[in-house]
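Following: one structure in structure tokens, then a few remarks.
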Amino acid sequence: MTETSETGEVRTNDEVWVVGATGRVGRGVAARLAARGLTVVPVGRSRERMVAAGAEAGLPGDAKVVVADSAERIAEEIVRERPRVVVNTMGAFAATAPVIARACMPGGHYVDQASDLVAVEGLLALHDEAVRAGSTLVTGAGFGVLATEAVVAKLCEGRPAPHRVLVDAVGSVAVEAGVLGAALAASMVDVLTTGGRRYENGRLVTSRLGADPQRLSFPDGEAAKSAGVASGELVAAHAVSGAPFVTATSGLVPTAPLIRALLPLLGRMLSVPALRRLAVDRLGRVRIKATPRPRKHSWGHAVVEWADGTQHEGWLRAGDGMDFTADVTATVTELLARGVGRPGSWTPAAALGADLATSVGGAFILD
């Protein structure tokens, strides 16, 4: 029930809602939070699946679940019940995050794992609204955004704003067997339709998706390729550094010349609403096999350059990228639930400091 103080302030209960608790990240977050003694409430479309997710997370058999089949219905339940923190793992963050985050205000807090540019920018745009509401909204609480943002923050500590920043996120993830799913399929299509972006002279400008191909040699001796993408990592690196020139690449973007040449055409085709819906539907139904992670570590990387030519490079080493994401989300959520954090809308290191990355098992390697 919603409680209101004598001053009119809306009070929250002690619950932490995990939206999408049956997915890999949702399951991991729910289990971590339950183990830390928080009151976890699974939220999703099927009561049966939510009860099963709660049991897997170690919740008691009579634990509360919330059944709602859309972001709008979830928002209605949030407004009615007033949980302290809502964790959104359902994906399609550009559409779902503003709806759910606004429902948490005033007083409640919100966390998601968005990594695409549109979703991260959309939630950060709620900053002033969140400050007035006394709510903390954290977007990008996962591997890519935090792993790169934290390295940039460390390299820039005690220094003036740099001139140029390059960040690279190369995750290594063990794949679970099953269907790809609509949320992940939508995110993949959105990357193609958004195209590439970079910051030039402080302005976000269009670039070619797959530009700036990199071959990264990691500190552990392994290597991988990455290429340019419009991402939450780009937005976070620009915000934390203040650099006028920022580029971001990802290991998820194809680097083969022929495929890179076709990406803009494919993006234009999928911008047609009917084709986009078809692509998301078909991709979401694709069955994938279980595979081990391709490399021992996931890596966030940054090269920071100042106007005088000084340059510093750094890495953040993590394990499985999805497990790291669940650890980040759970830790951010626990801190917010326990009253740590400041009102506003933030990326994770901006909200809680760069050392958040090491508190969840990452390790900095800085020159």
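Going through the structure tokens in order, the chains are called A, B, and so on, while each chain numbers its residues from 1 and the ligands are numbered from 1 in the order shown.
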Please report as CSV every residue of range 205-267 of chain A lying within 12 Å of range 162-180 of chain A, along with the nearest atom pair and their distance in Å (one decimal), using only C-alpha atoms.
residue,atom,partner,partner_atom,distance
A:Asp212,CA,A:Leu166,CA,10.0
A:Pro213,CA,A:Asp168,CA,10.3
A:Gln214,CA,A:Asp168,CA,8.6
A:Arg215,CA,A:Asp168,CA,10.3
A:Leu216,CA,A:Asp168,CA,8.8
A:Ser217,CA,A:Val170,CA,11.1
A:Phe218,CA,A:Val170,CA,10.0
A:Glu222,CA,A:Ser172,CA,11.6
A:Ala223,CA,A:Val170,CA,9.8
A:Ala224,CA,A:Val170,CA,7.6
A:Lys225,CA,A:Val170,CA,8.2
A:Ser226,CA,A:Val170,CA,7.2
A:Ala227,CA,A:Asp168,CA,8.4
A:Gly228,CA,A:Asp168,CA,8.7
A:Val229,CA,A:Asp168,CA,9.9
A:Ala230,CA,A:Val167,CA,11.9
A:Ser231,CA,A:Ala169,CA,10.1
A:Gly232,CA,A:Ala169,CA,10.7
A:Glu233,CA,A:Val167,CA,7.4
A:Leu234,CA,A:Val167,CA,7.4
A:Val235,CA,A:Val167,CA,10.7
A:Ala236,CA,A:Val167,CA,10.0
A:Ala237,CA,A:Val167,CA,7.3
A:His238,CA,A:Val165,CA,7.9
A:Ala239,CA,A:Val165,CA,11.1
A:Val240,CA,A:Pro162,CA,10.5
A:Ser241,CA,A:Pro162,CA,6.7
A:Gly242,CA,A:Pro162,CA,7.0
A:Ala243,CA,A:His163,CA,5.1
A:Pro244,CA,A:His163,CA,6.1
A:Phe245,CA,A:Arg164,CA,4.7
A:Val246,CA,A:Val165,CA,4.8
A:Thr247,CA,A:Leu166,CA,4.9
A:Ala248,CA,A:Val167,CA,4.8
A:Thr249,CA,A:Asp168,CA,4.8
A:Ser250,CA,A:Ala169,CA,4.9
A:Gly251,CA,A:Val170,CA,4.6
A:Leu252,CA,A:Val170,CA,7.4
A:Val253,CA,A:Val170,CA,9.9
Tell me, as number ranges by chain, which residues lie within 12 Å of range 274-289 of chain A, counting only C-alpha atoms; anything in the same chain fewer than 4 positions away does not count.
A: 92, 174-193, 266-270
Closest of A:Val19, A:Ala30, A:Met322, A:Arg36 to Arg73 in chain A, counting only C-alpha atoms, is A:Val19
Met105 in chain A: which residues within 12 Å, counting only C-alpha atoms, same-chain residues fewer than 4 positions away excluded, as a compact mmCIF listing (two decimals) with C-alpha atoms, in the first residue's frame?
# COMPACT_ATOMS: atom_id res chain seq x y z
CA GLU A 9 5.96 12.77 0.91
CA VAL A 10 5.23 9.42 -0.73
CA ARG A 11 6.81 6.55 1.18
CA THR A 12 7.91 3.24 -0.26
CA ALA A 75 3.89 0.79 -13.99
CA ILE A 78 4.35 0.13 -9.04
CA VAL A 79 2.25 3.24 -8.48
CA ARG A 80 -0.21 1.24 -6.41
CA ARG A 82 5.28 1.61 -4.08
CA PRO A 83 8.30 -0.76 -3.96
CA ARG A 84 11.56 0.78 -2.80
CA VAL A 85 13.55 -0.27 -5.90
CA VAL A 86 12.48 -1.66 -9.25
CA PRO A 98 10.88 5.69 -19.11
CA VAL A 99 7.49 4.14 -18.36
CA ILE A 100 8.70 2.04 -15.43
CA ALA A 101 11.17 4.63 -14.08
CA HIS A 109 14.44 4.01 -7.22
CA TYR A 110 15.07 2.31 -10.58
CA LEU A 126 14.85 12.25 -16.65
CA HIS A 127 17.60 13.63 -14.37
CA ASP A 128 15.89 16.85 -13.28
CA GLU A 129 12.59 15.07 -12.80
CA ALA A 130 14.27 12.45 -10.62
CA VAL A 131 16.05 15.10 -8.53
CA ARG A 132 12.73 16.84 -7.81
CA ALA A 133 11.15 13.48 -6.94
CA GLY A 134 13.96 12.38 -4.62
CA SER A 135 14.50 9.23 -6.71
CA THR A 136 17.71 7.65 -8.01
CA LEU A 137 17.57 6.16 -11.52
CA PRO A 343 18.66 11.76 -6.50
CA GLY A 344 18.91 12.06 -10.25
CA SER A 345 19.46 9.86 -13.29
Of A:Ala161, A:Met90, A:Val205, A:Val328, the one sitting nearest Ala349 in chain A when using only C-alpha atoms is A:Val328
